$ cat coords26.cif   # mmCIF, C-alpha atoms
data_coords
#
loop_
_atom_site.label_atom_id
_atom_site.label_comp_id
_atom_site.auth_asym_id
_atom_site.auth_seq_id
_atom_site.Cartn_x
_atom_site.Cartn_y
_atom_site.Cartn_z
CA MET A 1 221.98 67.31 49.47
CA THR A 2 221.85 63.63 48.71
CA VAL A 3 218.79 61.98 50.15
CA THR A 4 218.08 58.31 50.04
CA PHE A 5 215.05 56.25 50.91
CA PRO A 6 214.92 52.49 51.28
CA ALA A 7 214.70 50.79 47.89
CA PRO A 8 211.32 49.50 46.73
CA THR A 9 210.64 46.01 47.95
CA SER A 10 208.25 43.30 46.83
CA PRO A 11 204.73 44.34 45.82
CA HIS A 12 203.38 42.78 49.03
CA ASP A 13 205.82 44.67 51.26
CA ALA A 14 205.21 47.90 49.36
CA GLU A 15 201.46 47.55 49.93
CA GLU A 16 201.32 46.15 53.44
CA GLY A 17 204.59 47.27 55.01
CA LEU A 18 205.40 50.08 57.42
CA THR A 19 208.45 51.35 55.53
CA LEU A 20 208.29 54.29 53.16
CA ALA A 21 210.14 52.91 50.14
CA PRO A 22 209.04 55.13 47.25
CA ARG A 23 208.93 53.77 43.73
CA PHE A 24 210.56 56.67 41.89
CA ASP A 25 210.12 56.52 38.11
CA GLY A 26 212.86 56.57 35.49
CA ASP A 27 213.31 60.29 36.09
CA GLY A 28 213.56 59.79 39.86
CA LEU A 29 210.10 61.22 40.55
CA VAL A 30 206.86 60.30 42.28
CA THR A 31 203.56 62.07 41.64
CA ALA A 32 202.02 64.24 44.36
CA VAL A 33 198.29 65.00 44.53
CA VAL A 34 197.61 68.10 46.58
CA THR A 35 194.25 68.72 48.25
CA ASP A 36 192.91 71.51 50.43
CA ALA A 37 192.93 70.35 54.06
CA ASP A 38 189.61 72.09 54.75
CA SER A 39 187.52 71.76 51.58
CA GLY A 40 189.10 68.56 50.30
CA ALA A 41 189.28 70.07 46.80
CA VAL A 42 192.06 68.82 44.54
CA LEU A 43 194.33 71.83 44.07
CA MET A 44 197.14 70.60 41.84
CA LEU A 45 199.38 67.77 40.76
CA ALA A 46 203.15 67.99 41.03
CA HIS A 47 206.22 65.79 41.15
CA MET A 48 208.74 65.09 43.88
CA ASN A 49 212.26 63.74 43.72
CA ALA A 50 213.84 62.20 46.81
CA GLU A 51 215.04 65.57 48.10
CA ALA A 52 211.64 67.23 47.68
CA LEU A 53 209.97 64.33 49.45
CA ALA A 54 212.49 64.38 52.30
CA ARG A 55 212.23 68.14 52.81
CA THR A 56 208.44 67.97 52.80
CA ILE A 57 208.52 65.29 55.49
CA GLU A 58 211.08 67.20 57.57
CA THR A 59 209.51 70.66 57.35
CA ALA A 60 205.80 69.95 56.72
CA GLN A 61 206.00 72.56 53.97
CA ALA A 62 205.43 71.32 50.44
CA HIS A 63 208.50 70.97 48.24
CA TYR A 64 208.35 69.70 44.67
CA TYR A 65 210.69 69.13 41.77
CA SER A 66 210.18 71.44 38.84
CA ARG A 67 210.56 69.43 35.66
CA SER A 68 210.70 72.59 33.53
CA ARG A 69 213.31 74.33 35.70
CA ARG A 70 215.01 71.06 36.69
CA LYS A 71 215.38 72.03 40.31
CA LEU A 72 213.95 71.68 43.77
CA TRP A 73 211.05 74.03 44.25
CA LYS A 74 209.62 75.10 47.58
CA LYS A 75 206.02 75.91 46.77
CA GLY A 76 205.39 79.60 47.41
CA GLU A 77 209.06 80.63 47.49
CA GLU A 78 208.31 83.24 44.82
CA SER A 79 204.55 83.78 45.09
CA GLY A 80 204.12 83.54 48.87
CA HIS A 81 201.62 80.69 48.47
CA VAL A 82 203.45 78.39 50.86
CA GLN A 83 201.63 75.11 51.46
CA THR A 84 201.67 73.85 55.05
CA VAL A 85 201.09 70.11 55.04
CA THR A 86 198.59 68.85 57.62
CA GLU A 87 198.70 65.23 56.44
CA MET A 88 200.75 63.15 54.03
CA ARG A 89 199.82 59.73 52.71
CA VAL A 90 201.39 57.23 50.34
CA ASP A 91 199.49 54.98 47.95
CA CYS A 92 199.44 51.20 47.72
CA ASP A 93 202.41 50.73 45.39
CA GLN A 94 204.25 53.79 46.74
CA ASP A 95 204.57 55.74 43.51
CA ALA A 96 202.16 58.49 44.54
CA ILE A 97 201.90 60.87 47.49
CA LEU A 98 198.81 62.66 48.79
CA LEU A 99 199.27 65.98 50.57
CA LYS A 100 196.53 67.78 52.48
CA VAL A 101 197.60 71.41 52.76
CA ARG A 102 196.72 74.88 53.98
CA VAL A 103 197.79 77.54 51.50
CA ALA A 104 199.21 80.90 52.63
CA GLY A 105 198.74 84.25 50.94
CA THR A 106 195.73 84.50 48.66
CA GLY A 107 195.09 80.77 49.10
CA ALA A 108 195.66 80.06 45.42
CA SER A 109 197.76 77.13 44.24
CA CYS A 110 197.62 77.50 40.45
CA HIS A 111 200.18 79.69 38.68
CA THR A 112 197.30 81.12 36.62
CA GLY A 113 195.95 82.72 39.81
CA ARG A 114 193.15 80.25 40.51
CA VAL A 115 192.69 78.39 43.79
CA SER A 116 192.89 75.05 41.93
CA CYS A 117 194.50 74.06 38.64
CA PHE A 118 191.31 72.17 37.78
CA TYR A 119 189.16 75.16 36.77
CA ARG A 120 187.68 73.71 33.56
CA ALA A 121 185.18 70.89 33.14
CA VAL A 122 185.24 68.42 30.27
CA PRO A 123 181.62 67.79 29.20
CA LEU A 124 180.73 64.09 29.40
CA GLY A 125 178.98 62.24 26.59
CA LYS A 126 179.93 64.97 24.12
CA PRO A 127 183.31 64.19 22.53
CA GLY A 128 184.87 67.33 21.08
CA ALA A 129 182.67 69.69 23.09
CA GLU A 130 184.17 72.91 24.42
CA LEU A 131 185.57 73.02 27.94
CA GLU A 132 183.52 74.87 30.55
CA PHE A 133 185.17 77.28 32.99
CA ILE A 134 184.09 76.66 36.58
CA GLU A 135 185.56 78.00 39.80
CA ALA A 136 187.81 80.01 37.50
CA ASP A 137 187.95 83.35 39.31
CA ARG A 138 191.50 84.49 39.88
CA ALA A 139 192.68 85.03 43.46
CA PHE A 140 195.70 86.93 42.15
CA ASP A 141 197.04 88.36 38.92
CA PRO A 142 200.01 86.25 37.84
CA SER A 143 201.69 89.27 36.24
CA ASP A 144 201.82 90.93 39.68
CA ILE A 145 203.58 87.97 41.26
CA TYR A 146 205.82 86.20 38.82
CA LYS A 147 208.71 88.14 37.39
CA LYS A 148 209.73 87.26 33.88
CA MET B 149 190.54 52.17 17.67
CA THR B 150 192.65 55.19 16.81
CA VAL B 151 191.62 58.24 18.74
CA THR B 152 193.06 61.66 18.24
CA PHE B 153 192.72 64.88 20.16
CA PRO B 154 193.82 68.31 18.97
CA ALA B 155 197.56 68.78 19.47
CA PRO B 156 198.75 70.83 22.44
CA THR B 157 198.90 74.51 21.66
CA SER B 158 200.71 77.43 23.26
CA PRO B 159 200.84 77.57 27.06
CA HIS B 160 198.37 80.46 26.99
CA ASP B 161 195.86 78.61 24.80
CA ALA B 162 196.28 75.43 26.87
CA GLU B 163 195.48 77.36 30.05
CA GLU B 164 192.79 79.75 28.87
CA GLY B 165 191.30 78.01 25.84
CA LEU B 166 188.08 76.04 25.41
CA THR B 167 189.66 73.16 23.50
CA LEU B 168 190.67 69.91 25.15
CA ALA B 169 194.19 69.42 23.77
CA PRO B 170 195.84 67.00 26.21
CA ARG B 171 199.57 67.09 26.74
CA PHE B 172 200.31 63.37 26.61
CA ASP B 173 203.78 62.47 27.90
CA GLY B 174 206.45 60.53 26.05
CA ASP B 175 204.51 57.33 26.69
CA GLY B 176 201.29 58.86 25.37
CA LEU B 177 199.72 59.19 28.82
CA VAL B 178 198.14 61.79 31.06
CA THR B 179 197.67 61.33 34.81
CA ALA B 180 194.18 60.92 36.23
CA VAL B 181 193.31 61.76 39.84
CA VAL B 182 190.15 60.01 40.97
CA THR B 183 188.00 61.30 43.82
CA ASP B 184 184.78 60.11 45.41
CA ALA B 185 181.92 62.27 44.12
CA ASP B 186 180.25 62.27 47.53
CA SER B 187 183.04 62.37 50.13
CA GLY B 188 185.65 64.11 47.98
CA ALA B 189 188.27 61.61 49.16
CA VAL B 190 191.12 60.88 46.78
CA LEU B 191 190.64 57.25 45.77
CA MET B 192 193.47 56.50 43.35
CA LEU B 193 195.82 57.75 40.66
CA ALA B 194 195.88 56.19 37.22
CA HIS B 195 196.98 56.92 33.68
CA MET B 196 195.01 57.44 30.47
CA ASN B 197 196.08 57.18 26.88
CA ALA B 198 194.02 58.90 24.18
CA GLU B 199 191.68 55.94 23.82
CA ALA B 200 191.03 55.69 27.57
CA LEU B 201 190.35 59.41 27.73
CA ALA B 202 188.00 59.30 24.74
CA ARG B 203 186.07 56.30 26.06
CA THR B 204 185.70 57.91 29.48
CA ILE B 205 184.30 61.07 27.89
CA GLU B 206 181.94 59.08 25.65
CA THR B 207 180.63 56.65 28.23
CA ALA B 208 181.05 58.48 31.56
CA GLN B 209 182.60 55.26 32.88
CA ALA B 210 186.24 55.44 33.88
CA HIS B 211 188.71 53.84 31.49
CA TYR B 212 192.46 53.85 32.11
CA TYR B 213 195.60 52.52 30.50
CA SER B 214 197.33 49.78 32.45
CA ARG B 215 201.07 50.35 32.23
CA SER B 216 201.80 46.89 33.63
CA ARG B 217 199.42 45.06 31.27
CA ARG B 218 199.98 47.55 28.42
CA LYS B 219 196.32 47.72 27.50
CA LEU B 220 193.14 49.69 27.84
CA TRP B 221 191.47 48.92 31.13
CA LYS B 222 187.84 49.62 31.95
CA LYS B 223 187.88 50.04 35.71
CA GLY B 224 185.80 47.31 37.31
CA GLU B 225 185.72 45.03 34.28
CA GLU B 226 187.08 42.23 36.44
CA SER B 227 186.20 43.28 39.98
CA GLY B 228 182.80 44.87 39.37
CA HIS B 229 183.99 48.18 40.85
CA VAL B 230 182.89 50.21 37.85
CA GLN B 231 183.42 53.96 38.32
CA THR B 232 180.62 56.17 36.99
CA VAL B 233 182.02 59.63 36.33
CA THR B 234 179.88 62.50 37.58
CA GLU B 235 182.37 65.21 36.62
CA MET B 236 185.60 65.45 34.67
CA ARG B 237 188.05 68.34 34.77
CA VAL B 238 191.36 69.13 33.11
CA ASP B 239 194.19 71.06 34.70
CA CYS B 240 195.86 74.28 33.60
CA ASP B 241 198.50 72.79 31.30
CA GLN B 242 196.29 69.86 30.28
CA ASP B 243 198.52 67.02 31.40
CA ALA B 244 196.25 65.90 34.23
CA ILE B 245 192.59 64.89 34.50
CA LEU B 246 190.38 64.94 37.58
CA LEU B 247 187.50 62.47 37.80
CA LYS B 248 184.75 62.59 40.40
CA VAL B 249 183.21 59.12 40.50
CA ARG B 250 180.65 56.85 42.13
CA VAL B 251 182.01 53.35 42.61
CA ALA B 252 179.82 50.25 42.09
CA GLY B 253 180.02 46.99 44.01
CA THR B 254 181.67 47.23 47.41
CA GLY B 255 182.66 50.84 46.71
CA ALA B 256 186.37 50.06 46.86
CA SER B 257 188.81 51.40 44.27
CA CYS B 258 192.12 49.92 45.46
CA HIS B 259 193.18 46.48 44.26
CA THR B 260 194.19 45.68 47.85
CA GLY B 261 190.51 45.85 48.81
CA ARG B 262 190.51 49.29 50.42
CA VAL B 263 188.18 52.12 49.44
CA SER B 264 191.19 54.34 48.64
CA CYS B 265 194.76 53.53 47.66
CA PHE B 266 195.92 56.13 50.20
CA TYR B 267 195.46 54.06 53.36
CA ARG B 268 198.79 54.84 55.04
CA ALA B 269 200.00 58.12 56.54
CA VAL B 270 203.59 59.32 56.40
CA PRO B 271 204.41 60.93 59.78
CA LEU B 272 205.56 64.54 59.36
CA GLY B 273 208.66 65.91 61.05
CA LYS B 274 209.94 62.39 61.66
CA PRO B 275 212.10 61.25 58.72
CA GLY B 276 212.38 57.47 58.64
CA ALA B 277 209.38 56.93 60.92
CA GLU B 278 207.08 53.99 60.25
CA LEU B 279 203.97 54.47 58.14
CA GLU B 280 200.64 54.50 59.97
CA PHE B 281 197.66 52.56 58.64
CA ILE B 282 194.48 54.65 58.53
CA GLU B 283 191.19 53.94 56.81
CA ALA B 284 192.76 50.61 55.97
CA ASP B 285 189.82 48.25 56.46
CA ARG B 286 189.26 46.07 53.44
CA ALA B 287 185.91 46.28 51.65
CA PHE B 288 186.71 43.04 49.85
CA ASP B 289 189.25 40.26 49.87
CA PRO B 290 191.39 40.57 46.73
CA SER B 291 191.84 36.80 46.56
CA ASP B 292 188.08 36.44 46.14
CA ILE B 293 187.97 38.80 43.19
CA TYR B 294 191.14 38.66 41.17
CA LYS B 295 192.00 35.40 39.55
CA LYS B 296 195.62 34.61 39.20
#

$ encode --input "coords26.cif" --output "structure tokens"
Amino acid sequence: MTVTFPAPTSPHDAEEGLTLAPRFDGDGLVTAVVTDADSGAVLMLAHMNAEALARTIETAQAHYYSRSRRKLWKKGEESGHVQTVTEMRVDCDQDAILLKVRVAGTGASCHTGRVSCFYRAVPLGKPGAELEFIEADRAFDPSDIYKK
Amino acid sequence: MTVTFPAPTSPHDAEEGLTLAPRFDGDGLVTAVVTDADSGAVLMLAHMNAEALARTIETAQAHYYSRSRRKLWKKGEESGHVQTVTEMRVDCDQDAILLKVRVAGTGASCHTGRVSCFYRAVPLGKPGAELEFIEADRAFDPSDIYKK
């Protein structure tokens, strides 16, 4: 499927216009920040190519582009953790997308089994200090879900 | 200032270890997601090189790397909208940082004068539909703050 969006326009039009004209990077990707529609917690970061962005808009189910597998990736297609998008936003210069989602299955979005990928804190004021696990309980065991 | 972090390790150690070993991309950058420490709202996305990351950890004030100006950028150095970091997290594969911040001055983080860069919604289920402005009131007039 070839999907096209309007080309990026001037900075002013990108910021103040009503047209979605994404600024895809050299690899054809924009960054997506994914938050929980209820708690507001940041769940994960991912990337979208034009097709992933178009399918997410059409279906209101989150689609990304897997840089490691080099293919379109419907979130949850393997794990069951489908993300239903309740709201999508675009940022000022149109190179980033914000998704507010409800997650099916165990409610986890991280492939390690946690609800959020951001399960470790970096201590402030202490360069080189060890990371601190927080909100790190696993909602599922990855070895049960992902086949090798 | 030359700043170094431990090199990325195995996927398992990156995900389950206690060492901050950022996976900088080919341009030497990681992505930072910035949220409001009180409301939880996503304010902006930015990028950090090793120096920006180190200075943010040391000072608990957000520093980024400006890709357009190709230099370290202390947020608010020009506009007064300094971001004090109340919590920093790293994601599973250590190529993304989450900052929870309190913003000085008018409280706005977007260079267009809005509190958040995500001030337009993308309608779902309606490919090609116009963007919808939401939470788009300006906290400041950019022309008052940024000199040409």

$ atom_distance --input "coords26.cif" --atom1 "CA of Arg286 (chain B)" --atom2 "CA of Ala46 (chain A)"
28.8 Å

$ residues_around --input "coords26.cif" --residues "Gly76 (chain A)" --least-positions-apart "3" --cutoff "10 Å" --atoms "all atoms listed in the file" --output "list in words"
Gln61, Ala62, His63, Trp73, Ser79, Gly80, His81, Val82, Gln83, Val103, Ala104, Gly105, Ala108 and Ser109 of chain A

$ calpha_fit_and_write --input "coords26.cif" --fixed "chain A" --moving "chain B" --output "mmCIF file with C-alpha atoms, in the frame of the given file"
data_model
loop_
_atom_site.group_PDB
_atom_site.id
_atom_site.type_symbol
_atom_site.label_atom_id
_atom_site.label_comp_id
_atom_site.auth_asym_id
_atom_site.auth_seq_id
_atom_site.Cartn_x
_atom_site.Cartn_y
_atom_site.Cartn_z
ATOM 1 C CA MET B 149 222.009 67.287 49.453
ATOM 2 C CA THR B 150 221.858 63.583 48.699
ATOM 3 C CA VAL B 151 218.795 61.962 50.141
ATOM 4 C CA THR B 152 218.086 58.287 50.039
ATOM 5 C CA PHE B 153 215.043 56.248 50.906
ATOM 6 C CA PRO B 154 214.924 52.476 51.289
ATOM 7 C CA ALA B 155 214.698 50.779 47.893
ATOM 8 C CA PRO B 156 211.317 49.494 46.729
ATOM 9 C CA THR B 157 210.620 46.005 47.959
ATOM 10 C CA SER B 158 208.224 43.289 46.842
ATOM 11 C CA PRO B 159 204.707 44.332 45.833
ATOM 12 C CA HIS B 160 203.377 42.768 49.033
ATOM 13 C CA ASP B 161 205.821 44.642 51.278
ATOM 14 C CA ALA B 162 205.206 47.890 49.368
ATOM 15 C CA GLU B 163 201.459 47.547 49.934
ATOM 16 C CA GLU B 164 201.314 46.147 53.450
ATOM 17 C CA GLY B 165 204.597 47.261 55.003
ATOM 18 C CA LEU B 166 205.398 50.076 57.426
ATOM 19 C CA THR B 167 208.437 51.343 55.530
ATOM 20 C CA LEU B 168 208.299 54.288 53.161
ATOM 21 C CA ALA B 169 210.142 52.906 50.124
ATOM 22 C CA PRO B 170 209.030 55.138 47.240
ATOM 23 C CA ARG B 171 208.923 53.783 43.725
ATOM 24 C CA PHE B 172 210.566 56.671 41.891
ATOM 25 C CA ASP B 173 210.119 56.515 38.111
ATOM 26 C CA GLY B 174 212.860 56.566 35.503
ATOM 27 C CA ASP B 175 213.300 60.290 36.099
ATOM 28 C CA GLY B 176 213.559 59.794 39.859
ATOM 29 C CA LEU B 177 210.100 61.220 40.552
ATOM 30 C CA VAL B 178 206.867 60.300 42.277
ATOM 31 C CA THR B 179 203.562 62.078 41.637
ATOM 32 C CA ALA B 180 202.035 64.240 44.350
ATOM 33 C CA VAL B 181 198.309 65.004 44.527
ATOM 34 C CA VAL B 182 197.604 68.104 46.581
ATOM 35 C CA THR B 183 194.258 68.733 48.259
ATOM 36 C CA ASP B 184 192.908 71.518 50.434
ATOM 37 C CA ALA B 185 192.934 70.348 54.059
ATOM 38 C CA ASP B 186 189.629 72.085 54.748
ATOM 39 C CA SER B 187 187.520 71.747 51.587
ATOM 40 C CA GLY B 188 189.101 68.543 50.284
ATOM 41 C CA ALA B 189 189.281 70.066 46.797
ATOM 42 C CA VAL B 190 192.057 68.831 44.541
ATOM 43 C CA LEU B 191 194.336 71.833 44.069
ATOM 44 C CA MET B 192 197.155 70.611 41.836
ATOM 45 C CA LEU B 193 199.392 67.760 40.747
ATOM 46 C CA ALA B 194 203.151 67.986 41.040
ATOM 47 C CA HIS B 195 206.229 65.798 41.138
ATOM 48 C CA MET B 196 208.747 65.087 43.897
ATOM 49 C CA ASN B 197 212.251 63.750 43.718
ATOM 50 C CA ALA B 198 213.827 62.199 46.817
ATOM 51 C CA GLU B 199 215.045 65.550 48.101
ATOM 52 C CA ALA B 200 211.639 67.217 47.693
ATOM 53 C CA LEU B 201 209.975 64.315 49.465
ATOM 54 C CA ALA B 202 212.493 64.366 52.316
ATOM 55 C CA ARG B 203 212.235 68.130 52.798
ATOM 56 C CA THR B 204 208.440 67.974 52.810
ATOM 57 C CA ILE B 205 208.515 65.277 55.492
ATOM 58 C CA GLU B 206 211.075 67.197 57.567
ATOM 59 C CA THR B 207 209.511 70.631 57.354
ATOM 60 C CA ALA B 208 205.801 69.949 56.735
ATOM 61 C CA GLN B 209 206.013 72.554 53.963
ATOM 62 C CA ALA B 210 205.431 71.306 50.444
ATOM 63 C CA HIS B 211 208.512 70.968 48.260
ATOM 64 C CA TYR B 212 208.356 69.703 44.679
ATOM 65 C CA TYR B 213 210.693 69.121 41.777
ATOM 66 C CA SER B 214 210.162 71.442 38.839
ATOM 67 C CA ARG B 215 210.557 69.429 35.653
ATOM 68 C CA SER B 216 210.698 72.584 33.535
ATOM 69 C CA ARG B 217 213.304 74.336 35.709
ATOM 70 C CA ARG B 218 215.008 71.055 36.693
ATOM 71 C CA LYS B 219 215.379 72.034 40.323
ATOM 72 C CA LEU B 220 213.952 71.672 43.779
ATOM 73 C CA TRP B 221 211.055 74.037 44.251
ATOM 74 C CA LYS B 222 209.631 75.101 47.595
ATOM 75 C CA LYS B 223 206.032 75.924 46.767
ATOM 76 C CA GLY B 224 205.396 79.602 47.404
ATOM 77 C CA GLU B 225 209.044 80.636 47.495
ATOM 78 C CA GLU B 226 208.304 83.220 44.824
ATOM 79 C CA SER B 227 204.560 83.784 45.094
ATOM 80 C CA GLY B 228 204.125 83.533 48.863
ATOM 81 C CA HIS B 229 201.619 80.682 48.468
ATOM 82 C CA VAL B 230 203.455 78.396 50.861
ATOM 83 C CA GLN B 231 201.630 75.098 51.458
ATOM 84 C CA THR B 232 201.680 73.848 55.054
ATOM 85 C CA VAL B 233 201.097 70.103 55.041
ATOM 86 C CA THR B 234 198.604 68.851 57.609
ATOM 87 C CA GLU B 235 198.707 65.235 56.432
ATOM 88 C CA MET B 236 200.756 63.152 54.033
ATOM 89 C CA ARG B 237 199.815 59.735 52.690
ATOM 90 C CA VAL B 238 201.394 57.238 50.322
ATOM 91 C CA ASP B 239 199.504 54.980 47.958
ATOM 92 C CA CYS B 240 199.447 51.197 47.729
ATOM 93 C CA ASP B 241 202.422 50.726 45.403
ATOM 94 C CA GLN B 242 204.246 53.791 46.740
ATOM 95 C CA ASP B 243 204.570 55.739 43.517
ATOM 96 C CA ALA B 244 202.163 58.492 44.540
ATOM 97 C CA ILE B 245 201.902 60.871 47.500
ATOM 98 C CA LEU B 246 198.820 62.669 48.780
ATOM 99 C CA LEU B 247 199.258 65.992 50.572
ATOM 100 C CA LYS B 248 196.527 67.785 52.487
ATOM 101 C CA VAL B 249 197.611 71.414 52.763
ATOM 102 C CA ARG B 250 196.716 74.890 53.979
ATOM 103 C CA VAL B 251 197.785 77.543 51.498
ATOM 104 C CA ALA B 252 199.220 80.906 52.640
ATOM 105 C CA GLY B 253 198.749 84.260 50.942
ATOM 106 C CA THR B 254 195.728 84.499 48.673
ATOM 107 C CA GLY B 255 195.078 80.770 49.092
ATOM 108 C CA ALA B 256 195.654 80.054 45.411
ATOM 109 C CA SER B 257 197.775 77.122 44.244
ATOM 110 C CA CYS B 258 197.626 77.498 40.449
ATOM 111 C CA HIS B 259 200.175 79.678 38.676
ATOM 112 C CA THR B 260 197.312 81.125 36.612
ATOM 113 C CA GLY B 261 195.960 82.711 39.798
ATOM 114 C CA ARG B 262 193.153 80.252 40.501
ATOM 115 C CA VAL B 263 192.695 78.395 43.778
ATOM 116 C CA SER B 264 192.899 75.053 41.930
ATOM 117 C CA CYS B 265 194.505 74.056 38.646
ATOM 118 C CA PHE B 266 191.301 72.169 37.790
ATOM 119 C CA TYR B 267 189.161 75.147 36.772
ATOM 120 C CA ARG B 268 187.690 73.718 33.560
ATOM 121 C CA ALA B 269 185.179 70.892 33.132
ATOM 122 C CA VAL B 270 185.240 68.417 30.265
ATOM 123 C CA PRO B 271 181.613 67.787 29.197
ATOM 124 C CA LEU B 272 180.725 64.086 29.401
ATOM 125 C CA GLY B 273 178.990 62.239 26.587
ATOM 126 C CA LYS B 274 179.939 64.981 24.140
ATOM 127 C CA PRO B 275 183.310 64.190 22.523
ATOM 128 C CA GLY B 276 184.880 67.324 21.079
ATOM 129 C CA ALA B 277 182.671 69.682 23.090
ATOM 130 C CA GLU B 278 184.170 72.902 24.421
ATOM 131 C CA LEU B 279 185.570 73.019 27.939
ATOM 132 C CA GLU B 280 183.515 74.869 30.546
ATOM 133 C CA PHE B 281 185.155 77.277 32.980
ATOM 134 C CA ILE B 282 184.093 76.668 36.585
ATOM 135 C CA GLU B 283 185.578 78.009 39.792
ATOM 136 C CA ALA B 284 187.812 80.011 37.498
ATOM 137 C CA ASP B 285 187.953 83.348 39.313
ATOM 138 C CA ARG B 286 191.500 84.485 39.873
ATOM 139 C CA ALA B 287 192.686 85.031 43.446
ATOM 140 C CA PHE B 288 195.678 86.947 42.121
ATOM 141 C CA ASP B 289 197.019 88.372 38.904
ATOM 142 C CA PRO B 290 200.009 86.271 37.818
ATOM 143 C CA SER B 291 201.676 89.302 36.243
ATOM 144 C CA ASP B 292 201.784 90.937 39.672
ATOM 145 C CA ILE B 293 203.556 87.997 41.253
ATOM 146 C CA TYR B 294 205.809 86.243 38.804
ATOM 147 C CA LYS B 295 208.651 88.211 37.374
ATOM 148 C CA LYS B 296 209.679 87.378 33.896
#

$ resolve_selection --input "coords26.cif" --expression "the PyMOL selection byres ((chain A) within 9 of (chain B))" --output "JSON, numbers by chain"
{"A": [5, 15, 17, 18, 19, 20, 31, 33, 35, 39, 40, 41, 42, 44, 45, 54, 56, 57, 58, 59, 60, 85, 86, 87, 88, 89, 90, 91, 92, 93, 96, 97, 98, 110, 111, 112, 116, 117, 118, 119, 120, 121, 122, 123, 124, 125, 126, 127, 128, 129, 130, 131, 132, 133]}

$ atom_distance --input "coords26.cif" --atom1 "CA of Val101 (chain A)" --atom2 "CA of Leu72 (chain A)"
18.7 Å

$ atom_distance --input "coords26.cif" --atom1 "CA of Asn197 (chain B)" --atom2 "CA of Tyr294 (chain B)"
23.9 Å

$ closest_residue --input "coords26.cif" --among "A:Phe140, A:Thr4, A:Thr9, A:His47" --to "Asp25 (chain A)" --atoms "all atoms listed in the file"
A:His47

$ closest_residue --input "coords26.cif" --among "A:Asp27, A:Pro8, A:Ile145, A:Asp36" --to "Glu77 (chain A)" --atoms "only C-alpha atoms"
A:Ile145

$ decode --input "coords26.cif" --residues "region 45-70 of chain A" --atoms "C-alpha atoms" --output "short mmCIF file (atom, residue, chain, number, x, y, z; two decimals), in the first residue's frame"
data_model
loop_
_atom_site.label_atom_id
_atom_site.label_comp_id
_atom_site.auth_asym_id
_atom_site.auth_seq_id
_atom_site.Cartn_x
_atom_site.Cartn_y
_atom_site.Cartn_z
CA LEU A 45 7.90 5.61 22.21
CA ALA A 46 7.69 4.21 18.70
CA HIS A 47 8.05 5.26 15.09
CA MET A 48 5.55 5.52 12.25
CA ASN A 49 6.05 5.59 8.52
CA ALA A 50 3.32 7.01 6.27
CA GLU A 51 1.48 3.69 6.11
CA ALA A 52 1.50 3.19 9.89
CA LEU A 53 0.25 6.73 10.38
CA ALA A 54 -2.50 6.32 7.78
CA ARG A 55 -3.68 2.98 9.19
CA THR A 56 -3.75 4.39 12.71
CA ILE A 57 -5.91 7.30 11.56
CA GLU A 58 -8.23 5.01 9.58
CA THR A 59 -8.67 2.28 12.18
CA ALA A 60 -8.02 4.05 15.52
CA GLN A 61 -5.79 1.11 16.39
CA ALA A 62 -2.11 1.88 16.82
CA HIS A 63 0.20 0.84 14.00
CA TYR A 64 3.94 1.49 14.03
CA TYR A 65 6.95 0.78 11.88
CA SER A 66 9.40 -1.68 13.35
CA ARG A 67 12.90 -0.45 12.61
CA SER A 68 14.42 -3.78 13.67
CA ARG A 69 12.05 -5.90 11.58
CA ARG A 70 11.70 -3.26 8.85
#
